[in-house]
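K.L.:
File follows, work34.cif with mmCIF, C-alpha atoms and all ligand atoms:
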data_upload
loop_
_atom_site.label_atom_id
_atom_site.label_comp_id
_atom_site.auth_asym_id
_atom_site.auth_seq_id
_atom_site.Cartn_x
_atom_site.Cartn_y
_atom_site.Cartn_z
CA MET A 1 -20.13 -9.76 -13.49
CA ASN A 2 -23.65 -8.73 -14.59
CA ASN A 3 -25.42 -6.80 -17.39
CA ILE A 4 -23.66 -8.81 -20.13
CA SER A 5 -24.45 -7.10 -23.46
CA PRO A 6 -24.30 -8.83 -26.90
CA ASN A 7 -21.05 -6.98 -27.66
CA PRO A 8 -19.51 -6.26 -24.26
CA ALA A 9 -16.30 -4.66 -25.58
CA ALA A 10 -18.27 -2.23 -27.78
CA ALA A 11 -20.48 -1.30 -24.82
CA VAL A 12 -17.41 -0.61 -22.66
CA ILE A 13 -15.75 1.42 -25.42
CA THR A 14 -18.82 3.64 -25.83
CA ALA A 15 -19.16 4.23 -22.09
CA ALA A 16 -15.40 4.68 -21.56
CA ARG A 17 -15.27 7.33 -24.32
CA ALA A 18 -17.71 9.39 -22.32
CA LEU A 19 -15.32 9.08 -19.37
CA LEU A 20 -11.94 9.53 -21.08
CA GLY A 21 -12.67 11.26 -24.41
CA ASP A 22 -9.89 10.64 -26.92
CA ARG A 23 -7.73 9.03 -24.20
CA LEU A 24 -9.75 5.88 -25.03
CA THR A 25 -8.51 4.83 -28.44
CA THR A 26 -9.11 2.05 -30.95
CA ASN A 27 -6.32 3.30 -33.21
CA ASP A 28 -4.60 0.33 -34.86
CA ALA A 29 -1.01 1.49 -34.30
CA ILE A 30 -1.62 2.13 -30.60
CA ARG A 31 -3.42 -1.20 -30.14
CA GLN A 32 -0.48 -2.85 -31.91
CA GLN A 33 1.96 -1.18 -29.48
CA HIS A 34 -0.07 -2.66 -26.62
CA SER A 35 -0.37 -6.14 -28.15
CA ARG A 36 2.75 -7.47 -26.41
CA GLY A 37 5.79 -6.39 -24.40
CA GLU A 38 9.52 -6.91 -25.03
CA ASP A 39 8.93 -10.66 -25.40
CA THR A 40 8.48 -13.36 -28.00
CA THR A 41 4.80 -14.18 -27.47
CA THR A 42 2.37 -14.00 -30.39
CA PRO A 43 0.82 -10.53 -30.13
CA THR A 44 -2.89 -10.17 -29.30
CA MET A 45 -4.64 -6.90 -30.08
CA PRO A 46 -6.70 -5.33 -27.29
CA ASP A 47 -10.10 -3.97 -28.40
CA ALA A 48 -9.06 -0.54 -27.14
CA VAL A 49 -6.34 1.23 -25.15
CA ALA A 50 -7.28 3.53 -22.25
CA PHE A 51 -4.78 6.18 -21.12
CA VAL A 52 -5.86 6.87 -17.54
CA GLU A 53 -4.70 9.83 -15.46
CA THR A 54 -6.38 9.43 -12.06
CA THR A 55 -7.35 6.75 -9.56
CA ALA A 56 -11.01 7.76 -10.06
CA GLU A 57 -10.73 7.03 -13.79
CA VAL A 58 -9.14 3.62 -13.12
CA SER A 59 -11.92 2.85 -10.66
CA GLU A 60 -14.72 3.86 -13.08
CA LEU A 61 -13.16 1.92 -15.93
CA LEU A 62 -12.70 -1.25 -13.87
CA LYS A 63 -16.31 -1.01 -12.64
CA LEU A 64 -17.47 -0.75 -16.23
CA CYS A 65 -15.34 -3.67 -17.45
CA ASN A 66 -16.44 -5.75 -14.48
CA GLN A 67 -20.13 -5.07 -15.20
CA HIS A 68 -19.68 -6.12 -18.84
CA GLY A 69 -17.24 -9.00 -18.28
CA VAL A 70 -14.49 -7.38 -20.35
CA ALA A 71 -10.85 -8.24 -19.62
CA VAL A 72 -8.43 -5.52 -18.49
CA THR A 73 -4.64 -5.76 -18.84
CA PRO A 74 -2.62 -3.04 -17.06
CA PHE A 75 0.26 -1.65 -19.10
CA GLY A 76 3.21 0.36 -17.74
CA ALA A 77 6.06 0.78 -20.22
CA GLY A 78 5.65 -2.66 -21.85
CA THR A 79 9.25 -3.74 -21.16
CA SER A 80 8.39 -7.01 -19.43
CA LEU A 81 9.97 -10.05 -21.00
CA GLU A 82 7.56 -12.93 -20.45
CA GLY A 83 4.26 -12.01 -22.11
CA HIS A 84 2.90 -10.09 -19.10
CA VAL A 85 1.16 -7.30 -21.05
CA ASN A 86 -0.14 -9.45 -23.89
CA PRO A 87 -3.94 -8.98 -23.62
CA VAL A 88 -4.72 -12.63 -24.34
CA ARG A 89 -8.47 -12.05 -23.83
CA ALA A 90 -8.45 -8.77 -25.79
CA GLY A 91 -10.60 -6.16 -23.96
CA ILE A 92 -8.95 -3.03 -22.60
CA SER A 93 -5.22 -2.38 -22.30
CA LEU A 94 -5.08 0.02 -19.35
CA ASP A 95 -2.07 2.28 -19.91
CA LEU A 96 -0.80 3.92 -16.70
CA SER A 97 2.24 5.66 -18.19
CA ARG A 98 0.60 9.11 -17.89
CA MET A 99 0.21 8.85 -14.11
CA THR A 100 3.62 10.39 -13.43
CA ALA A 101 3.15 12.64 -10.39
CA ILE A 102 5.67 12.52 -7.54
CA LEU A 103 3.25 13.38 -4.77
CA GLU A 104 5.45 13.47 -1.65
CA VAL A 105 9.10 13.20 -0.67
CA ASN A 106 9.77 13.06 3.06
CA SER A 107 13.52 13.46 3.22
CA GLU A 108 13.78 13.10 7.00
CA ASP A 109 11.84 9.84 7.08
CA MET A 110 13.31 8.79 3.72
CA ASP A 111 10.04 7.82 2.05
CA GLY A 112 7.96 9.11 -0.84
CA LEU A 113 4.60 8.70 -2.54
CA ILE A 114 4.40 8.43 -6.32
CA GLU A 115 1.99 7.52 -9.09
CA PRO A 116 2.68 4.24 -10.95
CA GLY A 117 3.81 5.70 -14.29
CA VAL A 118 6.93 7.34 -12.80
CA THR A 119 10.15 5.66 -14.01
CA ARG A 120 13.10 5.10 -11.68
CA GLN A 121 15.16 7.43 -13.87
CA GLN A 122 12.57 10.24 -13.43
CA LEU A 123 12.41 9.60 -9.69
CA ASN A 124 16.19 9.63 -9.23
CA GLU A 125 16.50 12.81 -11.27
CA TYR A 126 13.91 14.42 -8.96
CA LEU A 127 15.53 13.10 -5.76
CA ARG A 128 19.15 13.96 -6.55
CA ASP A 129 19.07 17.50 -5.11
CA GLN A 130 17.64 16.18 -1.87
CA GLY A 131 20.52 13.76 -1.28
CA LEU A 132 18.26 10.74 -1.75
CA PHE A 133 17.99 7.94 -4.28
CA PHE A 134 15.86 4.93 -5.16
CA PRO A 135 18.11 1.88 -5.65
CA VAL A 136 16.05 -0.68 -7.60
CA ASP A 137 17.34 -0.50 -11.16
CA PRO A 138 16.18 -2.98 -13.78
CA GLY A 139 18.09 -2.51 -17.03
CA SER A 140 15.11 -1.00 -18.84
CA VAL A 141 13.25 2.29 -18.79
CA CYS A 142 10.16 0.97 -17.07
CA THR A 143 7.47 2.29 -14.72
CA ILE A 144 7.65 1.77 -10.96
CA GLY A 145 4.04 0.44 -11.13
CA GLY A 146 5.27 -2.23 -13.57
CA MET A 147 8.24 -2.91 -11.29
CA CYS A 148 5.86 -3.53 -8.35
CA ALA A 149 3.65 -5.77 -10.46
CA THR A 150 6.61 -7.90 -11.65
CA ARG A 151 8.54 -7.81 -8.34
CA ALA A 152 11.47 -6.32 -10.22
CA SER A 153 15.05 -6.38 -9.06
CA GLY A 154 18.27 -4.85 -10.30
CA THR A 155 22.00 -4.62 -9.85
CA ALA A 156 21.80 -3.16 -6.32
CA ALA A 157 19.53 -5.89 -4.91
CA VAL A 158 22.44 -7.48 -3.02
CA ARG A 159 22.64 -4.43 -0.72
CA TYR A 160 19.26 -2.66 -0.95
CA GLY A 161 16.90 -5.52 -1.83
CA THR A 162 14.43 -5.79 -4.69
CA ILE A 163 11.29 -3.71 -5.14
CA ARG A 164 9.66 -5.93 -2.48
CA GLU A 165 11.91 -4.53 0.26
CA ASN A 166 11.48 -0.96 -0.98
CA VAL A 167 7.70 -0.59 -1.07
CA LEU A 168 6.01 0.45 2.18
CA GLY A 169 2.45 0.59 0.92
CA LEU A 170 0.14 0.76 -2.09
CA GLU A 171 -3.12 2.22 -3.27
CA VAL A 172 -4.82 -0.43 -5.41
CA VAL A 173 -8.05 -0.45 -7.42
CA LEU A 174 -9.71 -3.86 -7.28
CA ALA A 175 -11.51 -5.47 -10.23
CA ASP A 176 -14.91 -4.13 -9.13
CA GLY A 177 -13.60 -0.55 -8.82
CA ARG A 178 -13.10 -0.47 -5.03
CA VAL A 179 -10.01 1.47 -3.93
CA ILE A 180 -7.96 0.03 -1.05
CA ASN A 181 -4.79 1.14 0.74
CA THR A 182 -2.21 -1.31 2.05
CA GLY A 183 0.78 -0.82 4.36
CA GLY A 184 1.85 2.62 5.52
CA ARG A 185 4.76 4.76 6.63
CA THR A 186 5.39 3.16 10.01
CA ARG A 187 8.43 0.92 9.60
CA LYS A 188 7.75 -1.25 12.62
CA ALA A 189 4.01 -1.77 11.96
CA ALA A 190 3.24 -5.45 12.41
CA ASN A 191 -0.55 -5.56 12.55
CA GLY A 192 -2.83 -7.28 10.05
CA TYR A 193 -2.26 -9.08 6.80
CA ASP A 194 0.70 -8.03 4.69
CA LEU A 195 -1.42 -7.14 1.66
CA THR A 196 1.34 -5.03 0.13
CA ARG A 197 3.43 -8.17 -0.48
CA LEU A 198 0.39 -9.89 -1.98
CA PHE A 199 0.15 -7.25 -4.72
CA ILE A 200 3.92 -7.09 -5.30
CA GLY A 201 4.54 -9.54 -8.14
CA SER A 202 0.84 -10.10 -8.88
CA GLU A 203 1.33 -9.03 -12.52
CA GLY A 204 -1.88 -7.02 -12.74
CA THR A 205 -4.07 -9.99 -11.85
CA LEU A 206 -5.29 -8.83 -8.41
CA GLY A 207 -5.75 -5.12 -8.97
CA VAL A 208 -4.34 -1.98 -10.54
CA ILE A 209 -1.69 -0.15 -8.51
CA THR A 210 -2.41 3.59 -8.56
CA LYS A 211 -0.09 4.92 -5.84
CA ILE A 212 3.13 3.60 -4.35
CA ARG A 213 4.71 4.53 -1.02
CA LEU A 214 8.46 3.92 -1.48
CA ARG A 215 11.38 3.58 0.87
CA LEU A 216 14.16 5.96 -0.21
CA HIS A 217 17.88 5.89 0.63
CA GLY A 218 20.56 8.50 1.29
CA ILE A 219 23.12 9.00 -1.49
CA PRO A 220 26.32 7.55 -0.01
CA GLU A 221 29.30 9.83 0.71
CA ALA A 222 31.57 7.75 -1.52
CA VAL A 223 30.89 5.33 -4.36
CA SER A 224 33.43 3.24 -6.19
CA ALA A 225 33.03 0.69 -9.00
CA ALA A 226 35.35 -2.21 -9.75
CA VAL A 227 35.85 -4.85 -12.42
CA CYS A 228 37.67 -8.14 -12.06
CA GLN A 229 38.24 -10.85 -14.68
CA PHE A 230 38.57 -14.58 -14.02
CA PRO A 231 40.00 -17.70 -15.67
CA SER A 232 36.71 -19.59 -15.09
CA LEU A 233 33.10 -19.08 -14.09
CA GLU A 234 33.73 -21.16 -10.98
CA ALA A 235 36.51 -18.83 -9.82
CA ALA A 236 34.23 -15.81 -10.23
CA VAL A 237 31.35 -17.49 -8.38
CA ASN A 238 33.63 -18.63 -5.54
CA SER A 239 34.87 -15.05 -5.13
CA VAL A 240 31.26 -13.90 -4.73
CA ILE A 241 30.53 -16.65 -2.21
CA THR A 242 33.55 -15.73 -0.07
CA THR A 243 32.69 -12.01 -0.29
CA MET A 244 29.12 -12.66 0.88
CA GLN A 245 30.20 -15.10 3.59
CA LEU A 246 32.59 -12.51 5.02
CA GLY A 247 29.73 -10.00 5.18
CA ILE A 248 31.42 -7.35 3.02
CA PRO A 249 28.53 -4.98 2.26
CA VAL A 250 28.99 -4.70 -1.53
CA ALA A 251 26.32 -2.48 -3.09
CA ARG A 252 26.33 -4.22 -6.46
CA ILE A 253 27.86 -7.44 -7.74
CA GLU A 254 27.04 -8.79 -11.19
CA LEU A 255 28.48 -11.74 -13.08
CA LEU A 256 28.92 -11.76 -16.87
CA ASP A 257 30.08 -14.98 -18.48
CA GLU A 258 32.50 -14.98 -21.42
CA VAL A 259 29.74 -14.88 -24.07
CA GLN A 260 27.92 -12.00 -22.37
CA MET A 261 31.20 -10.16 -21.81
CA ALA A 262 32.14 -10.50 -25.52
CA ALA A 263 28.73 -9.09 -26.49
CA CYS A 264 29.08 -6.17 -24.02
CA ILE A 265 32.63 -5.34 -25.12
CA ALA A 266 31.44 -5.12 -28.74
CA TYR A 267 28.16 -3.27 -28.05
CA SER A 268 29.29 -0.83 -25.36
CA LYS A 269 32.84 -0.34 -26.67
CA LEU A 270 34.40 -1.45 -23.38
CA GLU A 271 38.14 -1.09 -23.79
CA GLY A 272 40.86 -3.02 -21.99
CA TYR A 273 38.74 -6.07 -21.07
CA GLU A 274 38.93 -9.68 -22.23
CA PRO A 275 35.90 -11.80 -23.17
CA VAL A 276 36.23 -13.97 -20.02
CA PRO A 277 34.01 -14.41 -16.91
CA THR A 278 33.89 -11.01 -15.23
CA LEU A 279 32.48 -9.46 -12.07
CA PHE A 280 31.21 -5.88 -12.00
CA LEU A 281 31.12 -4.52 -8.43
CA GLU A 282 30.21 -1.32 -6.63
CA PHE A 283 30.93 -0.18 -3.08
CA HIS A 284 29.01 2.47 -1.12
CA GLY A 285 29.97 4.14 2.16
CA THR A 286 32.41 6.63 3.59
CA ASP A 287 35.73 7.27 1.78
CA ALA A 288 37.57 4.98 4.18
CA GLY A 289 34.81 2.34 4.14
CA VAL A 290 34.74 2.13 0.37
CA ALA A 291 38.53 1.79 0.19
CA GLU A 292 38.48 -0.95 2.81
CA GLN A 293 35.70 -2.90 1.04
CA ALA A 294 37.50 -2.64 -2.33
CA GLU A 295 40.80 -3.82 -0.84
CA SER A 296 39.15 -6.79 0.90
CA VAL A 297 37.35 -7.88 -2.28
CA GLN A 298 40.54 -7.42 -4.30
CA ALA A 299 42.35 -9.81 -1.95
CA ILE A 300 39.53 -12.37 -2.18
CA THR A 301 39.41 -12.26 -5.99
CA ALA A 302 43.21 -12.62 -6.18
CA GLU A 303 42.99 -15.77 -4.04
CA HIS A 304 40.56 -17.21 -6.59
CA GLY A 305 42.76 -16.37 -9.58
CA GLY A 306 41.03 -13.09 -10.51
CA SER A 307 43.16 -10.53 -12.28
CA GLY A 308 43.16 -6.90 -13.35
CA PHE A 309 41.06 -5.75 -10.37
CA ALA A 310 40.53 -2.09 -11.26
CA TRP A 311 38.41 0.32 -9.24
CA ALA A 312 37.30 3.79 -10.10
CA ARG A 313 35.57 6.56 -8.17
CA ASP A 314 34.83 8.95 -10.99
CA ALA A 315 31.19 9.05 -12.04
CA GLU A 316 31.99 8.84 -15.77
CA THR A 317 33.80 5.46 -15.54
CA ARG A 318 31.16 4.09 -13.17
CA ASN A 319 28.28 5.19 -15.37
CA LYS A 320 29.89 3.70 -18.47
CA LEU A 321 30.34 0.38 -16.70
CA TRP A 322 26.79 0.14 -15.36
CA LYS A 323 25.32 1.40 -18.62
CA ALA A 324 27.14 -1.52 -20.30
CA ARG A 325 25.59 -3.89 -17.75
CA HIS A 326 22.13 -2.39 -18.20
CA ASP A 327 22.51 -2.68 -21.97
CA ALA A 328 23.46 -6.39 -21.72
CA TYR A 329 20.11 -7.43 -23.24
CA TRP A 330 20.55 -5.15 -26.26
CA ALA A 331 24.19 -6.32 -26.55
CA CYS A 332 22.94 -9.93 -26.87
CA LEU A 333 20.43 -8.96 -29.55
CA ALA A 334 23.12 -7.04 -31.44
CA ALA A 335 25.39 -10.12 -31.29
CA GLN A 336 22.73 -12.09 -33.22
CA PRO A 337 21.21 -9.56 -35.63
CA GLY A 338 17.56 -10.25 -36.46
CA SER A 339 16.93 -12.30 -33.28
CA ARG A 340 14.51 -11.68 -30.44
CA GLY A 341 15.45 -12.43 -26.84
CA ILE A 342 13.99 -15.16 -24.66
CA ALA A 343 14.78 -14.01 -21.13
CA THR A 344 13.89 -15.74 -17.91
CA ASP A 345 15.20 -16.27 -14.40
CA VAL A 346 17.99 -18.75 -13.74
CA ARG A 347 17.06 -21.66 -11.49
CA SER A 348 19.54 -23.03 -9.01
CA ARG A 349 21.22 -26.40 -9.41
CA GLY A 350 19.27 -27.53 -6.32
CA TRP A 351 16.03 -26.63 -8.05
CA ARG A 352 17.05 -28.62 -11.14
CA LYS A 353 17.99 -31.61 -8.97
CA ARG A 354 14.66 -31.42 -7.12
CA CYS A 355 12.80 -31.24 -10.45
CA SER A 356 14.59 -34.18 -11.96
CA ALA A 357 13.99 -36.16 -8.76
CA ARG A 358 10.28 -35.27 -9.00
CA SER A 359 10.07 -36.26 -12.66
CA ARG A 360 11.86 -39.54 -11.92
CA THR A 361 9.35 -40.16 -9.12
CA SER A 362 6.41 -39.46 -11.38
CA ARG A 363 7.80 -41.73 -14.11
CA ASN A 364 8.40 -44.53 -11.59
CA PRO A 365 5.63 -44.04 -9.10
CA GLY A 366 6.44 -47.38 -7.43
C1 LIG A 401 16.71 -4.42 -21.49
C2 LIG A 401 15.86 -4.94 -20.37
C3 LIG A 401 16.44 -5.16 -19.14
C4 LIG A 401 15.67 -5.60 -18.06
N1 LIG A 401 16.28 -5.80 -16.86
C5 LIG A 401 15.54 -6.22 -15.81
C6 LIG A 401 16.16 -6.41 -14.54
O1 LIG A 401 17.36 -6.19 -14.38
N2 LIG A 401 15.38 -6.82 -13.51
C7 LIG A 401 14.04 -7.07 -13.68
O2 LIG A 401 13.38 -7.43 -12.70
N3 LIG A 401 13.44 -6.90 -14.87
C8 LIG A 401 14.14 -6.48 -15.93
N4 LIG A 401 13.54 -6.31 -17.14
C9 LIG A 401 12.10 -6.61 -17.29
C10 LIG A 401 11.15 -5.40 -17.12
O3 LIG A 401 11.80 -4.19 -17.44
C11 LIG A 401 10.61 -5.33 -15.69
O4 LIG A 401 9.80 -6.47 -15.46
C12 LIG A 401 9.79 -4.07 -15.40
O5 LIG A 401 9.51 -4.05 -14.04
C13 LIG A 401 8.48 -3.99 -16.18
O6 LIG A 401 7.96 -2.68 -16.00
P1 LIG A 401 7.02 -2.03 -17.11
O7 LIG A 401 6.63 -0.68 -16.66
O8 LIG A 401 7.63 -2.11 -18.45
O9 LIG A 401 5.76 -2.99 -16.99
P2 LIG A 401 4.93 -3.66 -18.15
O10 LIG A 401 5.78 -4.52 -18.99
O11 LIG A 401 4.11 -2.63 -18.83
O12 LIG A 401 3.96 -4.58 -17.27
C14 LIG A 401 4.48 -5.67 -16.56
C15 LIG A 401 3.37 -6.36 -15.75
O13 LIG A 401 2.91 -5.48 -14.75
C16 LIG A 401 1.51 -5.20 -14.89
N5 LIG A 401 1.36 -3.79 -14.52
C17 LIG A 401 2.00 -2.72 -15.07
N6 LIG A 401 1.66 -1.61 -14.39
C18 LIG A 401 0.78 -1.99 -13.42
C19 LIG A 401 0.06 -1.29 -12.42
N7 LIG A 401 0.18 0.03 -12.22
N8 LIG A 401 -0.76 -2.00 -11.61
C20 LIG A 401 -0.89 -3.34 -11.75
N9 LIG A 401 -0.24 -4.05 -12.68
C21 LIG A 401 0.59 -3.38 -13.51
C22 LIG A 401 1.18 -5.54 -16.33
O14 LIG A 401 -0.16 -5.95 -16.49
C23 LIG A 401 2.12 -6.71 -16.57
O15 LIG A 401 1.58 -7.89 -16.02
C24 LIG A 401 14.28 -5.86 -18.24
C25 LIG A 401 13.70 -5.64 -19.50
C26 LIG A 401 14.47 -5.19 -20.56
C27 LIG A 401 13.79 -4.95 -21.88
#
Kindly present the structure from the file in structure tokens form.
P.N.:
Amino acid sequence: MNNISPNPAAAVITAARALLGDRLTTNDAIRQQHSRGEDTTTPTMPDAVAFVETTAEVSELLKLCNQHGVAVTPFGAGTSLEGHVNPVRAGISLDLSRMTAILEVNSEDMDGLIEPGVTRQQLNEYLRDQGLFFPVDPGSVCTIGGMCATRASGTAAVRYGTIRENVLGLEVVLADGRVINTGGRTRKAANGYDLTRLFIGSEGTLGVITKIRLRLHGIPEAVSAAVCQFPSLEAAVNSVITTMQLGIPVARIELLDEVQMAACIAYSKLEGYEPVPTLFLEFHGTDAGVAEQAESVQAITAEHGGSGFAWARDAETRNKLWKARHDAYWACLAAQPGSRGIATDVRSRGWRKRCSARSRTSRNPG
């Protein structure tokens, strides 16, 4: 940090206008849109919003902000739920949603190179004709840059992993404007620090991701979705445990408790289901493989008291089911009109026990 001017933000805005023209804006409505994400934090207005289109622009802008000591908050689609995009120190909200080029798809090696503003929906639309897909599917329409920065997961994580397992490398612009490349296409490369994983989940604090090398997957020959309802949460959870212990390669497995299921039935007009603990499942493989997986899971769920195990291969039924799951957040909001959501990750019982042990220890240090 050097060259601090009496009004650093104004100095950056003037210089950035020369770089970006009207893609650097101080418009109130746009600053408002960038003052928080899909969360409950108190909004903070950035001084300006910059809509960047190239790595060179990101680099120049970060150099400028670094020289003047002005904060920069990267912004993808603003769907994060825990205050990530709130520019608490004002400065520049760096909007990457216009960097939407799909630069390479290598279908034989099953990898691709994209810019950070591409959404998973756009990518999958583009890949479909090539028999490939990208499996990480948070329930929002968000950017893949934002997914990298939040270490996003989705319904298919049980089989394909989260974004962490599906990124091979990154181009990142550091705070002083330097551009670095991490990782690469070689799957077995084991040399050097694993810098890619350092940036995954760094929430925009270590650098701005400007290109992403992704691992892609072949669209399976057969796909089938299933739903099973349970008398208790415990019965549903035990079915999942047995399924995982037996190594059945389910592609998706999601648990909705009775409250969530009631909200989804009402919001997504799901017919024929009860508001009880429910598992949504999906199987991928060959025709025979999918049938075998579904039959094995059906037997397991029956042992645990599950009922109404219904599986469907047609895309319409599957899409309706997973759309209902992806809309679960909006279903909760609709169940309590006028509310905002407070979403966060669930901690395990072990974690809670460890925490309460720690707090007991700190209360009774002797
Ligand atoms: C209905 C709903 C369902 C959701 N379901 C899921 C889910 O199933 N799984 C899940 O993991 N999340 C889920 N989310 C949360 C959210 O969608 C994800 O965290 C998503 O990855 C955020 O992407 P985004 O483009 O909106 O990023 P933003 O919200 O714009 O940004 C998120 C963070 O990433 C940083 N950032 C953004 N782009 C870059 C970049 N190019 N370089 C560096 N830093 C950057 C920002 O500074 C910020 O810290 C859900 C949200 C909603 C509203």
K.L.:
So which one's closest to ligand LIG 401 (chain A), A:His326, A:Lys63, A:Lys320, A:Lys269? Using only C-alpha atoms and all ligand atoms, please.
P.N.:
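Nearest candidate to ligand LIG 401 (chain A) out of A:His326, A:Lys63, A:Lys320, A:Lys269: A:His326.
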K.L.:
Please find the residues contacting ligand LIG 401 (chain A) at a distance of at most 8 Å between atoms, with all atoms listed in the file counted, and report them as an MDAnalysis selection string.
P.N.:
chainID A and resid 37:38 73:81 83:85 95:97 116:117 119 137:155 172 201:210 326:330
K.L.:
Keeping only C-alpha atoms, write those residues as a compact mmCIF listing (two decimals), in the coordinates of the input.
P.N.:
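Generated output (result_15.txt):
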# COMPACT_ATOMS: atom_id res chain seq x y z
CA GLY A 37 5.79 -6.39 -24.40
CA GLU A 38 9.52 -6.91 -25.03
CA THR A 73 -4.64 -5.76 -18.84
CA PRO A 74 -2.62 -3.04 -17.06
CA PHE A 75 0.26 -1.65 -19.10
CA GLY A 76 3.21 0.36 -17.74
CA ALA A 77 6.06 0.78 -20.22
CA GLY A 78 5.65 -2.66 -21.85
CA THR A 79 9.25 -3.74 -21.16
CA SER A 80 8.39 -7.01 -19.43
CA LEU A 81 9.97 -10.05 -21.00
CA GLY A 83 4.26 -12.01 -22.11
CA HIS A 84 2.90 -10.09 -19.10
CA VAL A 85 1.16 -7.30 -21.05
CA ASP A 95 -2.07 2.28 -19.91
CA LEU A 96 -0.80 3.92 -16.70
CA SER A 97 2.24 5.66 -18.19
CA PRO A 116 2.68 4.24 -10.95
CA GLY A 117 3.81 5.70 -14.29
CA THR A 119 10.15 5.66 -14.01
CA ASP A 137 17.34 -0.50 -11.16
CA PRO A 138 16.18 -2.98 -13.78
CA GLY A 139 18.09 -2.51 -17.03
CA SER A 140 15.11 -1.00 -18.84
CA VAL A 141 13.25 2.29 -18.79
CA CYS A 142 10.16 0.97 -17.07
CA THR A 143 7.47 2.29 -14.72
CA ILE A 144 7.65 1.77 -10.96
CA GLY A 145 4.04 0.44 -11.13
CA GLY A 146 5.27 -2.23 -13.57
CA MET A 147 8.24 -2.91 -11.29
CA CYS A 148 5.86 -3.53 -8.35
CA ALA A 149 3.65 -5.77 -10.46
CA THR A 150 6.61 -7.90 -11.65
CA ARG A 151 8.54 -7.81 -8.34
CA ALA A 152 11.47 -6.32 -10.22
CA SER A 153 15.05 -6.38 -9.06
CA GLY A 154 18.27 -4.85 -10.30
CA THR A 155 22.00 -4.62 -9.85
CA VAL A 172 -4.82 -0.43 -5.41
CA GLY A 201 4.54 -9.54 -8.14
CA SER A 202 0.84 -10.10 -8.88
CA GLU A 203 1.33 -9.03 -12.52
CA GLY A 204 -1.88 -7.02 -12.74
CA THR A 205 -4.07 -9.99 -11.85
CA LEU A 206 -5.29 -8.83 -8.41
CA GLY A 207 -5.75 -5.12 -8.97
CA VAL A 208 -4.34 -1.98 -10.54
CA ILE A 209 -1.69 -0.15 -8.51
CA THR A 210 -2.41 3.59 -8.56
CA HIS A 326 22.13 -2.39 -18.20
CA ASP A 327 22.51 -2.68 -21.97
CA ALA A 328 23.46 -6.39 -21.72
CA TYR A 329 20.11 -7.43 -23.24
CA TRP A 330 20.55 -5.15 -26.26
K.L.:
Find the residues near Thr100 (chain A): any atom within 6 Å, counting all atoms listed in the file, skip ones fewer than 2 places away on the same chain, and give them as a compact mmCIF listing (two decimals) with C-alpha atoms, in the coordinates of the input.
P.N.:
# COMPACT_ATOMS: atom_id res chain seq x y z
CA ARG A 98 0.60 9.11 -17.89
CA GLU A 115 1.99 7.52 -9.09
CA GLY A 117 3.81 5.70 -14.29
CA VAL A 118 6.93 7.34 -12.80
K.L.:
To one decimal place, how far is CA of Gly306 (chain A) from CA of Tyr160 (chain A) in Å?
P.N.:
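Result for CA of Gly306 (chain A) versus CA of Tyr160 (chain A): 26.0 Å, one decimal.
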K.L.:
Just how far from CA of Ser35 (chain A) is CA of Val12 (chain A), in Å to one decimal?
P.N.:
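If I compute the distance from CA of Val12 (chain A) to CA of Ser35 (chain A), I get 18.7 Å.
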K.L.:
Excluding Ala236 (chain A) and any residue of its chain fewer than 3 positions from it, enumerate the residues within 8 Å of it, using all atoms listed in the file, and give them as JSON, numbers by chain.
P.N.:
{"A": [229, 230, 232, 233, 239, 240, 255, 277, 278, 279, 301, 304, 306]}
K.L.:
Between A:Asn124, A:Cys332, A:Glu108, A:Ala16, which one has atoms that come closest to Cys264 (chain A), using all atoms listed in the file?
P.N.:
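Nearest to Cys264 (chain A): A:Cys332.
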K.L.:
CA of Ile300 (chain A) and CA of Trp322 (chain A), how far apart in Å?
P.N.:
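Separation between CA of Trp322 (chain A) and CA of Ile300 (chain A): 22.2 Å.
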K.L.:
Between A:Arg36, A:Asn66, A:Glu125, A:Ala56, which has the minimum distance to Pro87 (chain A) (counting only C-alpha atoms)?
P.N.:
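Selected residue with least distance to Pro87 (chain A): A:Arg36.
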K.L.:
Give me, as a list of chain:residue names, all polymer residues having an atom no more than 9 Å from Ile342 (chain A), counting only C-alpha atoms and skipping those fewer than 2 positions away in the same chain.
P.N.:
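Non-adjacent residues within range: A:Asp39, A:Thr40, A:Leu81, A:Glu82, A:Arg340, A:Thr344.
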K.L.:
Near Gly192 (chain A), counting all atoms listed in the file, which residues have an atom at most 12 Å away, once you skip same-chain residues fewer than 5 positions from it, shown as a PyMOL selection string?
P.N.:
chain A and resi 182-184
K.L.:
When distances are computed from all atoms listed in the file, which of A:Ala157, A:Leu198, A:Ala190, A:Ala262 shows the smallest separation from Ala331 (chain A)?
P.N.:
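For Ala331 (chain A), the nearest of the candidates is A:Ala262.
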K.L.:
Env of Glu292 (chain A): 12 Å cut, atoms = only C-alpha atoms, seq-sep filter 4 positions within chain, self excluded. Answer as an MDAnalysis selection string.
P.N.:
chainID A and resid 222 224 248:250 283:288 296:299
K.L.:
Go through A:Gln32, A:Gln293, A:Thr242, A:Ser307 and flag the residue nearest Cys228 (chain A), using all atoms listed in the file for the distances.
P.N.:
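Of A:Gln32, A:Gln293, A:Thr242, A:Ser307, the one nearest Cys228 (chain A), counting all atoms listed in the file, is A:Ser307.
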